[in-house]
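Have a look at protein-v3.cif; it's mmCIF, C-alpha atoms and all ligand atoms:
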```cif
data_target
loop_
_atom_site.label_atom_id
_atom_site.label_comp_id
_atom_site.auth_asym_id
_atom_site.auth_seq_id
_atom_site.Cartn_x
_atom_site.Cartn_y
_atom_site.Cartn_z
CA MET A 1 8.79 16.13 86.02
CA PRO A 2 11.16 14.49 83.54
CA LYS A 3 14.69 14.08 84.80
CA ASN A 4 16.31 15.82 81.88
CA PRO A 5 13.85 18.33 80.60
CA ALA A 6 16.17 19.71 77.93
CA VAL A 7 16.58 16.30 76.35
CA SER A 8 13.16 14.79 76.85
CA ALA A 9 11.60 18.02 75.62
CA LYS A 10 12.64 17.20 72.10
CA HIS A 11 10.42 14.13 72.16
CA ALA A 12 7.51 15.68 73.98
CA GLU A 13 7.87 19.05 72.16
CA PRO A 14 5.85 21.10 74.64
CA SER A 15 4.58 24.31 73.21
CA VAL A 16 3.40 27.62 74.65
CA LYS A 17 1.02 30.12 73.15
CA LEU A 18 1.63 33.84 73.41
CA SER A 19 -0.80 36.71 73.65
CA THR A 20 -0.69 39.43 70.99
CA ARG A 21 1.51 41.48 73.32
CA GLY A 22 3.93 38.56 73.72
CA VAL A 23 4.09 38.11 69.94
CA ALA A 24 4.76 41.84 69.54
CA ARG A 25 7.80 41.54 71.82
CA LEU A 26 9.26 38.80 69.68
CA GLN A 27 8.61 40.82 66.54
CA VAL A 28 11.02 43.52 67.72
CA ARG A 29 13.55 40.71 68.14
CA HIS A 30 13.64 40.92 71.91
CA PRO A 31 14.19 37.38 73.18
CA TRP A 32 12.15 37.65 76.40
CA VAL A 33 8.47 37.05 76.97
CA TYR A 34 6.91 37.52 80.40
CA ARG A 35 4.70 34.95 82.05
CA SER A 36 1.74 37.33 81.87
CA ASP A 37 1.98 37.16 78.05
CA ILE A 38 1.57 33.41 77.90
CA VAL A 39 -2.03 32.40 77.19
CA ALA A 40 -3.78 29.18 78.16
CA PRO A 41 -2.77 27.25 81.23
CA ASN A 42 0.46 25.45 80.70
CA ASP A 43 2.20 22.71 82.59
CA THR A 44 5.47 23.03 80.72
CA PRO A 45 8.29 21.40 82.67
CA ALA A 46 11.02 23.53 84.26
CA GLY A 47 13.85 24.27 81.84
CA ALA A 48 12.12 22.70 78.84
CA LEU A 49 12.82 23.51 75.22
CA VAL A 50 9.47 24.78 73.94
CA ARG A 51 7.91 25.53 70.60
CA VAL A 52 6.47 29.03 70.68
CA ARG A 53 3.21 29.78 68.89
CA ASP A 54 0.78 32.64 68.55
CA GLU A 55 -2.81 32.32 69.75
CA ARG A 56 -3.88 30.74 66.49
CA GLY A 57 -1.13 28.15 66.70
CA LYS A 58 1.28 29.64 64.17
CA PHE A 59 4.88 28.56 64.91
CA LEU A 60 7.19 31.45 65.88
CA GLY A 61 10.36 29.73 67.03
CA THR A 62 11.94 27.81 69.89
CA ALA A 63 12.59 29.03 73.42
CA LEU A 64 13.96 28.03 76.79
CA TYR A 65 11.22 27.90 79.39
CA SER A 66 11.51 28.87 83.05
CA SER A 67 8.79 27.67 85.40
CA SER A 68 9.64 30.24 88.08
CA SER A 69 11.07 33.43 86.55
CA GLN A 70 8.79 36.25 85.43
CA ILE A 71 10.74 35.95 82.19
CA ALA A 72 9.08 32.67 81.27
CA ILE A 73 10.38 32.52 77.70
CA ARG A 74 13.85 33.18 76.38
CA MET A 75 14.01 32.67 72.63
CA ILE A 76 16.89 30.56 71.40
CA SER A 77 15.96 30.24 67.72
CA HIS A 78 13.47 31.58 65.20
CA GLY A 79 13.33 28.06 63.75
CA SER A 80 13.05 24.52 65.16
CA VAL A 81 15.67 23.11 67.52
CA SER A 82 15.99 19.37 67.87
CA ASP A 83 19.19 19.12 69.88
CA LEU A 84 19.76 21.88 72.45
CA PRO A 85 23.20 20.72 73.69
CA ALA A 86 24.47 20.68 70.07
CA LEU A 87 23.05 24.17 69.45
CA VAL A 88 24.68 25.47 72.65
CA ALA A 89 28.04 24.02 71.56
CA GLU A 90 27.70 25.66 68.13
CA ARG A 91 26.82 29.04 69.65
CA ILE A 92 29.78 28.86 72.06
CA ARG A 93 32.10 28.20 69.12
CA ALA A 94 30.59 31.20 67.31
CA ALA A 95 31.07 33.40 70.40
CA ILE A 96 34.72 32.35 70.59
CA ALA A 97 35.21 33.14 66.88
CA TYR A 98 33.63 36.59 67.40
CA ARG A 99 36.13 37.33 70.20
CA LYS A 100 39.02 36.24 68.00
CA GLU A 101 38.06 39.03 65.61
CA LEU A 102 37.59 41.75 68.20
CA VAL A 103 39.59 41.13 71.34
CA ARG A 104 43.19 42.33 71.39
CA ASN A 105 46.03 42.58 73.89
CA THR A 106 44.51 40.60 76.73
CA ASP A 107 44.30 37.08 78.03
CA ALA A 108 41.18 37.95 80.06
CA TYR A 109 37.84 38.64 78.39
CA ARG A 110 34.19 37.61 78.33
CA VAL A 111 33.75 34.64 76.03
CA VAL A 112 29.95 34.29 76.22
CA PHE A 113 27.58 37.08 77.28
CA SER A 114 24.18 35.46 77.62
CA GLU A 115 21.52 37.02 75.34
CA ALA A 116 24.15 39.07 73.47
CA ASP A 117 25.65 35.78 72.26
CA PHE A 118 22.27 34.10 71.74
CA LEU A 119 22.83 31.90 74.79
CA PRO A 120 20.36 33.24 77.36
CA GLY A 121 21.43 32.36 80.88
CA LEU A 122 25.05 31.48 80.15
CA ILE A 123 28.05 33.65 80.98
CA VAL A 124 31.62 32.50 80.36
CA ASP A 125 34.76 34.49 81.14
CA ARG A 126 38.33 33.59 80.35
CA TYR A 127 41.15 34.49 82.74
CA ASN A 128 44.30 33.29 81.04
CA ASP A 129 44.08 29.49 81.44
CA VAL A 130 41.18 29.53 83.92
CA ILE A 131 37.60 29.73 82.72
CA SER A 132 34.68 30.85 84.81
CA VAL A 133 31.14 29.77 83.99
CA GLN A 134 27.89 31.21 85.35
CA ILE A 135 24.59 29.44 84.78
CA LEU A 136 21.55 31.62 85.32
CA THR A 137 18.53 29.70 84.01
CA GLN A 138 16.84 26.34 84.44
CA ALA A 139 17.45 25.29 80.84
CA MET A 140 21.18 26.00 80.98
CA ASP A 141 21.39 24.05 84.25
CA ALA A 142 20.23 20.78 82.67
CA ALA A 143 22.95 18.11 82.80
CA PRO A 144 23.31 17.56 79.01
CA VAL A 145 23.63 21.32 78.43
CA ARG A 146 26.24 21.65 81.19
CA GLU A 147 28.14 18.76 79.65
CA ALA A 148 28.10 20.42 76.22
CA VAL A 149 29.31 23.71 77.73
CA LEU A 150 32.25 22.07 79.49
CA GLN A 151 33.25 19.92 76.57
CA THR A 152 33.15 22.77 74.06
CA LEU A 153 35.15 25.11 76.31
CA ARG A 154 37.75 22.41 76.92
CA GLU A 155 38.09 21.63 73.22
CA GLU A 156 38.18 25.20 72.01
CA LEU A 157 40.16 26.97 74.73
CA GLN A 158 42.23 24.20 76.37
CA PRO A 159 42.03 25.64 79.89
CA ALA A 160 43.83 24.30 82.96
CA GLY A 161 40.68 24.69 85.03
CA ILE A 162 37.00 25.59 84.77
CA VAL A 163 35.21 27.08 87.78
CA GLU A 164 31.52 27.67 88.28
CA ARG A 165 30.63 30.91 90.04
CA VAL A 166 27.24 30.67 91.64
CA GLU A 167 24.92 33.57 92.36
CA ALA A 168 22.87 32.01 95.15
CA ARG A 169 20.01 34.48 94.74
CA ILE A 170 19.59 33.68 91.07
CA ARG A 171 19.51 29.92 91.65
CA GLU A 172 16.86 30.56 94.27
CA LEU A 173 14.78 32.68 91.89
CA GLU A 174 15.05 29.96 89.26
CA GLN A 175 14.10 27.36 91.89
CA LEU A 176 17.31 25.46 91.27
CA PRO A 177 18.98 23.52 94.11
CA PRO A 178 21.72 25.52 95.86
CA LEU A 179 25.31 24.95 94.75
CA PRO A 180 28.62 26.32 96.00
CA SER A 181 31.07 28.11 93.70
CA ARG A 182 33.61 25.42 92.88
CA LEU A 183 36.07 23.90 90.48
CA LEU A 184 34.09 22.04 87.80
CA TRP A 185 36.93 20.62 85.81
CA GLY A 186 40.74 20.48 85.90
CA GLU A 187 42.92 21.68 88.73
CA LYS A 188 43.36 25.41 88.48
CA SER A 189 41.03 28.04 89.88
CA SER A 190 43.38 31.03 90.01
CA ALA A 191 45.64 32.74 87.51
CA VAL A 192 47.59 35.87 86.70
CA ILE A 193 46.01 37.80 83.85
CA SER A 194 47.44 40.56 81.71
CA MET A 195 45.58 43.24 79.80
CA ASN A 196 46.19 46.26 77.59
CA GLY A 197 49.69 45.31 76.57
CA GLY A 198 51.05 46.30 73.22
CA LYS A 199 51.17 49.86 71.97
CA MET A 200 49.95 52.56 74.31
CA ASN A 201 50.63 56.20 73.36
CA GLY A 202 53.16 54.96 70.84
CA ASP A 203 55.16 53.03 73.46
CA GLU A 204 55.34 49.27 73.59
CA THR A 205 54.01 48.19 77.01
CA SER A 206 53.86 44.81 78.65
CA GLY A 207 50.34 45.37 79.92
CA VAL A 208 48.94 45.52 83.41
CA ARG A 209 48.80 42.30 85.41
CA PHE A 210 46.22 41.19 87.95
CA HIS A 211 45.72 38.21 90.21
CA TYR A 212 42.50 36.38 89.51
CA ASP A 213 40.93 34.01 92.02
CA GLY A 214 37.97 32.17 90.55
CA LEU A 215 36.52 31.29 93.91
CA GLU A 216 36.75 34.72 95.57
CA GLY A 217 35.80 38.34 94.88
CA GLN A 218 32.70 40.07 93.58
CA LYS A 219 30.70 39.31 90.44
CA THR A 220 32.74 36.95 88.26
CA GLY A 221 35.85 38.10 90.14
CA ALA A 222 36.94 41.04 87.98
CA PHE A 223 35.30 43.80 86.03
CA LEU A 224 36.32 42.79 82.55
CA ASP A 225 33.75 45.13 81.01
CA GLN A 226 35.99 48.08 81.96
CA ARG A 227 39.11 46.66 80.30
CA GLU A 228 39.14 48.97 77.28
CA ASN A 229 38.10 51.92 79.46
CA TYR A 230 41.19 51.38 81.65
CA ALA A 231 43.41 51.89 78.62
CA ALA A 232 41.36 54.88 77.40
CA ALA A 233 41.52 56.51 80.85
CA ALA A 234 45.29 55.98 80.96
CA GLU A 235 45.67 57.80 77.64
CA TYR A 236 44.52 61.09 79.16
CA ALA A 237 45.45 60.63 82.82
CA HIS A 238 48.16 62.80 84.34
CA GLY A 239 49.40 64.34 87.58
CA GLU A 240 47.84 63.38 90.88
CA ALA A 241 45.11 60.77 90.47
CA LEU A 242 42.29 59.44 92.61
CA ASP A 243 40.41 56.21 91.79
CA ALA A 244 37.18 56.18 93.81
CA PHE A 245 35.50 52.76 94.13
CA CYS A 246 38.73 51.14 92.96
CA TYR A 247 37.95 47.47 93.84
CA GLN A 248 41.15 45.52 93.06
CA GLY A 249 42.80 48.49 91.35
CA GLY A 250 41.68 48.12 87.72
CA PHE A 251 41.76 51.82 86.84
CA ALA A 252 44.34 52.78 89.51
CA LEU A 253 47.02 50.42 88.19
CA HIS A 254 46.51 51.58 84.63
CA LEU A 255 46.74 55.22 85.73
CA ALA A 256 49.94 54.50 87.64
CA ALA A 257 51.86 54.30 84.34
CA LYS A 258 51.00 57.94 83.59
CA CYS A 259 50.46 59.72 86.90
CA SER A 260 52.82 61.08 89.54
CA SER A 261 50.72 59.54 92.33
CA VAL A 262 47.60 57.39 92.49
CA THR A 263 45.26 56.87 95.45
CA GLY A 264 42.62 54.13 95.34
CA VAL A 265 39.58 54.25 97.61
CA ASP A 266 37.19 51.39 98.36
CA SER A 267 35.06 50.27 101.30
CA SER A 268 36.05 46.63 100.88
CA ARG A 269 39.17 45.55 102.71
CA PRO A 270 39.57 42.25 100.81
CA ALA A 271 39.35 44.19 97.52
CA LEU A 272 42.12 46.54 98.69
CA GLU A 273 44.29 43.67 99.89
CA MET A 274 44.08 42.23 96.39
CA ALA A 275 44.72 45.70 94.93
CA GLU A 276 47.97 45.91 96.92
CA LYS A 277 49.01 42.44 95.68
CA ASN A 278 48.29 43.63 92.16
CA ALA A 279 50.43 46.72 92.73
CA LEU A 280 53.34 44.52 93.83
CA LEU A 281 52.83 42.30 90.80
CA ASN A 282 53.30 45.36 88.59
CA GLY A 283 56.14 46.86 90.63
CA ARG A 284 54.06 49.93 91.47
CA GLU A 285 53.53 51.92 94.63
CA LEU A 286 50.04 53.26 95.18
CA GLU A 287 48.12 54.48 98.19
CA TRP A 288 45.01 52.47 99.14
CA ILE A 289 42.41 53.89 101.50
CA GLU A 290 39.64 51.85 103.06
CA ALA A 291 36.71 54.26 103.38
CA ASN A 292 33.21 55.12 102.37
CA ALA A 293 33.96 57.10 99.21
CA PHE A 294 31.05 59.49 99.80
CA ASP A 295 32.45 60.45 103.22
CA LEU A 296 36.05 60.61 102.09
CA LEU A 297 35.28 62.82 99.10
CA ARG A 298 33.25 65.15 101.32
CA GLU A 299 36.17 65.36 103.73
CA TYR A 300 38.82 65.86 101.01
CA SER A 301 36.77 68.47 99.26
CA ALA A 302 36.26 70.36 102.55
CA ALA A 303 40.04 70.23 103.02
CA ASN A 304 40.52 71.70 99.50
CA ARG A 305 42.33 68.67 98.11
CA ARG A 306 42.96 68.93 94.39
CA TYR A 307 43.60 66.29 91.73
CA ASP A 308 44.43 66.17 88.03
CA THR A 309 42.65 62.90 87.30
CA ILE A 310 39.66 61.37 89.10
CA VAL A 311 37.88 58.09 88.33
CA LEU A 312 34.39 57.41 89.66
CA ASP A 313 33.18 53.85 89.18
CA PRO A 314 30.59 53.26 91.90
CA PRO A 315 28.45 50.11 92.21
CA ALA A 316 25.03 50.10 90.50
CA PHE A 317 22.92 52.62 92.42
CA ALA A 318 19.73 51.82 90.49
CA LYS A 319 18.96 48.15 90.96
CA THR A 320 15.37 48.69 89.80
CA LYS A 321 13.57 51.32 87.77
CA ARG A 322 11.99 52.68 90.95
CA ASP A 323 15.46 53.58 92.25
CA LEU A 324 16.25 55.76 89.23
CA GLU A 325 15.68 59.21 90.73
CA LYS A 326 17.54 58.37 93.91
CA ALA A 327 20.36 56.79 91.95
CA LEU A 328 20.75 59.85 89.74
CA GLY A 329 20.90 61.94 92.91
CA GLY A 330 23.72 59.75 94.25
CA TYR A 331 25.68 59.94 90.99
CA LYS A 332 25.19 63.68 90.84
CA GLU A 333 26.45 64.23 94.37
CA LEU A 334 29.66 62.36 93.57
CA ASN A 335 30.21 63.96 90.18
CA LEU A 336 29.52 67.47 91.40
CA ARG A 337 31.94 67.09 94.26
CA VAL A 338 34.83 65.74 92.20
CA MET A 339 34.34 68.31 89.41
CA LYS A 340 35.12 70.95 92.00
CA MET A 341 38.22 69.02 93.12
CA LEU A 342 39.76 68.79 89.65
CA ARG A 343 42.38 71.30 88.55
CA PRO A 344 41.85 73.08 85.24
CA GLY A 345 42.72 70.68 82.42
CA GLY A 346 41.89 67.81 84.75
CA ILE A 347 40.39 64.55 83.58
CA LEU A 348 37.20 63.05 84.98
CA VAL A 349 36.43 59.43 84.16
CA THR A 350 32.90 58.79 85.36
CA CYS A 351 30.99 55.54 85.07
CA SER A 352 27.62 53.98 85.78
CA CYS A 353 26.90 50.27 85.60
CA SER A 354 23.17 50.64 86.37
CA PHE A 355 21.16 49.32 83.46
CA HIS A 356 18.25 51.54 84.50
CA VAL A 357 20.40 54.65 84.02
CA SER A 358 20.39 55.15 80.25
CA ALA A 359 23.22 56.80 78.32
CA GLN A 360 20.98 59.85 77.98
CA ASP A 361 20.11 59.96 81.72
CA PHE A 362 23.77 59.68 82.57
CA LEU A 363 24.91 62.44 80.24
CA GLU A 364 22.14 64.73 81.51
CA MET A 365 23.10 64.03 85.12
CA VAL A 366 26.75 64.89 84.43
CA ALA A 367 25.70 68.05 82.57
CA ASP A 368 23.49 69.01 85.50
CA ALA A 369 26.38 68.46 87.94
CA ALA A 370 28.64 70.63 85.73
CA ARG A 371 26.09 73.47 85.83
CA ASP A 372 25.91 73.28 89.61
CA ALA A 373 29.70 73.10 89.88
CA HIS A 374 30.00 76.17 87.60
CA LYS A 375 32.41 74.27 85.37
CA SER A 376 32.65 73.75 81.63
CA LEU A 377 33.47 70.21 80.63
CA ARG A 378 34.33 68.74 77.27
CA VAL A 379 33.48 65.17 76.37
CA VAL A 380 36.73 63.52 75.37
CA GLU A 381 35.18 60.08 74.92
CA ASN A 382 31.73 58.61 75.45
CA ARG A 383 32.23 54.90 76.00
CA GLY A 384 30.50 51.71 77.06
CA ALA A 385 31.57 48.18 77.89
CA ALA A 386 34.48 46.48 76.14
CA LYS A 387 33.73 44.79 72.81
CA ASP A 388 33.67 41.35 74.38
CA HIS A 389 30.45 42.48 76.13
CA PRO A 390 28.47 43.13 72.95
CA ILE A 391 25.37 45.30 72.91
CA LEU A 392 22.60 43.55 71.02
CA LEU A 393 20.39 46.11 69.30
CA ASN A 394 16.77 45.95 70.44
CA VAL A 395 17.84 44.27 73.68
CA PRO A 396 18.46 47.28 75.92
CA GLU A 397 19.38 45.03 78.85
CA THR A 398 22.70 44.24 77.09
CA SER A 399 23.71 47.93 77.29
CA TYR A 400 24.30 48.81 80.93
CA LEU A 401 27.75 50.39 81.30
CA GLN A 402 28.41 54.08 80.71
CA CYS A 403 31.89 55.55 80.85
CA LEU A 404 32.42 59.21 80.07
CA ILE A 405 35.87 60.73 79.88
CA LEU A 406 35.70 64.49 80.37
CA SER A 407 38.16 67.31 80.37
CA VAL A 408 37.46 69.98 82.96
CA SER A 409 37.97 73.66 82.19
CA ASN A 410 37.21 76.45 84.58
N1 LIG B 501 36.52 50.21 89.24
C1 LIG B 501 36.49 48.82 89.66
C2 LIG B 501 35.10 48.29 89.90
C3 LIG B 501 34.30 49.01 90.93
S1 LIG B 501 32.94 48.07 91.50
C4 LIG B 501 37.20 47.98 88.61
O1 LIG B 501 37.32 48.44 87.48
O2 LIG B 501 37.60 46.85 88.92
C5 LIG B 501 32.39 49.04 92.80
C6 LIG B 501 33.26 49.02 94.02
O3 LIG B 501 32.69 49.96 94.94
C7 LIG B 501 33.38 47.72 94.78
O4 LIG B 501 34.74 47.40 94.90
C8 LIG B 501 32.78 48.01 96.16
O5 LIG B 501 33.50 47.38 97.20
C9 LIG B 501 32.93 49.49 96.25
N2 LIG B 501 32.00 50.23 97.10
C10 LIG B 501 30.67 50.08 97.25
N3 LIG B 501 30.15 51.03 98.03
C11 LIG B 501 31.19 51.84 98.39
C12 LIG B 501 31.30 53.03 99.17
N4 LIG B 501 30.24 53.60 99.74
N5 LIG B 501 32.53 53.59 99.31
C13 LIG B 501 33.62 53.04 98.73
N6 LIG B 501 33.55 51.93 97.98
C14 LIG B 501 32.35 51.34 97.81
#
```
Written as C-alpha cells, that's how I'd like the structure from this file.
Ligand code: SAH
Amino acid sequence: MPKNPAVSAKHAEPSVKLSTRGVARLQVRHPWVYRSDIVAPNDTPAGALVRVRDERGKFLGTALYSSSSQIAIRMISHGSVSDLPALVAERIRAAIAYRKELVRNTDAYRVVFSEADFLPGLIVDRYNDVISVQILTQAMDAAPVREAVLQTLREELQPAGIVERVEARIRELEQLPPLPSRLLWGEKSSAVISMNGGKMNGDETSGVRFHYDGLEGQKTGAFLDQRENYAAAAEYAHGEALDAFCYQGGFALHLAAKCSSVTGVDSSRPALEMAEKNALLNGRELEWIEANAFDLLREYSAANRRYDTIVLDPPAFAKTKRDLEKALGGYKELNLRVMKMLRPGGILVTCSCSFHVSAQDFLEMVADAARDAHKSLRVVENRGAAKDHPILLNVPETSYLQCLILSVSN
C-alpha cells in the first residue's frame, strides 16, 4: 500500500466502476455509494482519491475511497481533482465564508460539517480561540490532507490551539490506527465561549457563557447544533422551568434569564459538575439533579409537580432504523408525561437528535402523545439545527435534529 494514498493516487489515478444502482445514487446528488454498488473486483488503496466511472467507463467524477466502510465512495467533485489537499483547503475557506454570512452573536459554531460542506469525513468546530477537529474517514486521515486542514484553519481563524477529538469506534471501523484525543497544534485546549448575545426580546444581552474543554465531555464537547434553539426557547420560557437531559446546562442557563426557577436533570455527574461551573460563570443559581430522567419524571408526575416550561432533549434513541418503533415509544412516554405536568399556557420544547426519526415521525409522535394526554397544543416553532449545521438537500443524513416549541392549552 502506498504510504500517502491521497498524494500518490493522483499519479496512479485508480478508478472504480459503479453498477446502475450506484450511478443512480450519484444522479440524485447523494455523495455516497455503497460497496455493494461497486462492480468489478478492485484493489483500490485505502483512502485513495478515485475516478468514478459507470459500467461502460464513462467518467462521473472524483471520490474518496474507503477500503473498510460500507460507504466505499464519498464523492468530492463532479469533475477531476488533481490535488486533494489544495481542494480541501479551498473548501474549508468556503465553509468559513459561509459561516461569516450566517452565524451571528456567538464565538462558538461549527465551521465544517462534513458532507454538508462538501468535505466528507471532516468536522471542525470553533470554540472562541480553540478549534476542534474530527477526522472520520481514511482519506481525510492522510498526512498531506491533515496538514492542509491545520494550515488553513491556522491561517483563516488564528486560533490559540487546535485539538483533535477522536471517536475510537469510527477509527476502528475505518481501520485506522488508534489515536488519543489530543492537542494538535498550539497550547490551548480549553476556552470560555459566549453565545446568543446581542438583542433578545428587545433587550441588549451579553450572551450566555460556557466553559469548553476540548479534551473532555461528550461528542465534540458541546451541543452547538442547539445554539439557536436555546435562544428561541428562552423567548417563550417563563415561570418554573425544568430542563430534562440538560448536559452542561445549554437550555437551562438560557432559560434562567426568563424563568423564576430552573431545574436541570441529567444522569451524568461530570456533565452536571460542568453545568454548575457554567451557572457560576453566568452568576446564576439553578438546581441540578443527577437522576435517570425517565424515573424522575415518573416520580414528579405522580407527586403532581407542575411546571410552566419543560425542555426535553434526550440522547438519540434510534441509533439504527430497526430501533425506530422503540425509539418513538420512548419519546412518546416522555412527551406524554411532561404534557400532563405543564400548566395551561405552558411551553414544551421537545427535541430529537435521531436521524432515523424524521421530522414527520416526530411531529406525529408528539401529536399522538397530545391525544393521549387529552391536551391541545399549538406549534409555536418547528425548528432544526442551527444554520452552521447546514442541511444539504437530497442528503437526508445532514438533517437529524428536530426541535418543536409548543404551547400547551387545556
Ligand atoms: N440539552 C443538552 C444536550 C443533551 S444530550 C445541551 O443542549 O447541551 C443528552 C444528555 O442526556 C446527555 O447529557 C446524557 O448524559 C443525558 N442522558 C442520557 N440518558 C439519560 C437518562 N436516562 N436520564 C437523564 N439523562 C440522560
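CA of Glu174 (chain A) lies 15.8 Å from CA of Ser114 (chain A).
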(request) Quote the spacing between CA of Ser69 (chain A) and atom C6 of ligand LIG 501 (chain B) in Å to one decimal place. (result) 28.1 Å
Produce as a PDB file with C-alpha atoms, in the coordinates of the input the set of residues near ligand LIG 501 (chain B), where near means within 6 Å with only C-alpha atoms and all ligand atoms considered.
```
ATOM      1  CA  ALA A 222      36.940  41.040  87.980  1.00  0.00           C
ATOM      2  CA  PHE A 223      35.300  43.800  86.030  1.00  0.00           C
ATOM      3  CA  GLN A 226      35.990  48.080  81.960  1.00  0.00           C
ATOM      4  CA  PHE A 245      35.500  52.760  94.130  1.00  0.00           C
ATOM      5  CA  CYS A 246      38.730  51.140  92.960  1.00  0.00           C
ATOM      6  CA  TYR A 247      37.950  47.470  93.840  1.00  0.00           C
ATOM      7  CA  GLN A 248      41.150  45.520  93.060  1.00  0.00           C
ATOM      8  CA  GLY A 249      42.800  48.490  91.350  1.00  0.00           C
ATOM      9  CA  GLY A 250      41.680  48.120  87.720  1.00  0.00           C
ATOM     10  CA  PHE A 251      41.760  51.820  86.840  1.00  0.00           C
ATOM     11  CA  ASP A 266      37.190  51.390  98.360  1.00  0.00           C
ATOM     12  CA  SER A 267      35.060  50.270 101.300  1.00  0.00           C
ATOM     13  CA  SER A 268      36.050  46.630 100.880  1.00  0.00           C
ATOM     14  CA  ALA A 291      36.710  54.260 103.380  1.00  0.00           C
ATOM     15  CA  ASN A 292      33.210  55.120 102.370  1.00  0.00           C
ATOM     16  CA  ALA A 293      33.960  57.100  99.210  1.00  0.00           C
ATOM     17  CA  PHE A 294      31.050  59.490  99.800  1.00  0.00           C
ATOM     18  CA  ASP A 313      33.180  53.850  89.180  1.00  0.00           C
ATOM     19  CA  PRO A 314      30.590  53.260  91.900  1.00  0.00           C
ATOM     20  CA  PRO A 315      28.450  50.110  92.210  1.00  0.00           C
TER      21      PRO A 315
END
```
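Residues in contact range of Leu153 (chain A), defined as at most 9 Å between all atoms listed in the file, with sequence neighbours fewer than 3 positions away removed, read A:Ala89, A:Ile92, A:Arg93, A:Ile131, A:Ala148, A:Val149, A:Leu150, A:Glu156, A:Leu157, A:Gln158, A:Pro159, A:Ile162.
Using only C-alpha atoms, the smallest distance between any of A:Gly329, A:Gly121, A:Gly384, A:Gly161 and Ser352 (chain A) comes from A:Gly384.
Here CA of Glu240 (chain A) stands at a distance of 24.1 Å from CA of Asp372 (chain A).
Closest approach to Ser409 (chain A) among A:Asp308, A:Asp361, A:Glu285, A:Asp37 is made by A:Asp308 (distances from all atoms listed in the file).
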(request) Can you work out which one of A:His374, A:Arg269, A:His356, A:Lys321 has the shortest atom-to-atom distance to Lys340 (chain A), counting all atoms listed in the file? (result) A:His374
Step by step, gather every atom of region 13-19 of chain A that the file lists, find the box along x, y and z that holds them, add 6 Å on each side, and finally give centre and edge lengths in Å to one decimal, as JSON.
```
{"center_x": 3.5, "center_y": 27.9, "center_z": 73.4, "size_x": 20.7, "size_y": 29.7, "size_z": 14.5}
```
(message) Between A:Ala72, A:Ala373, A:Ala94, A:Leu253, which residue has the minimum interatomic distance to Glu333 (chain A), considering only C-alpha atoms?
(response) A:Ala373
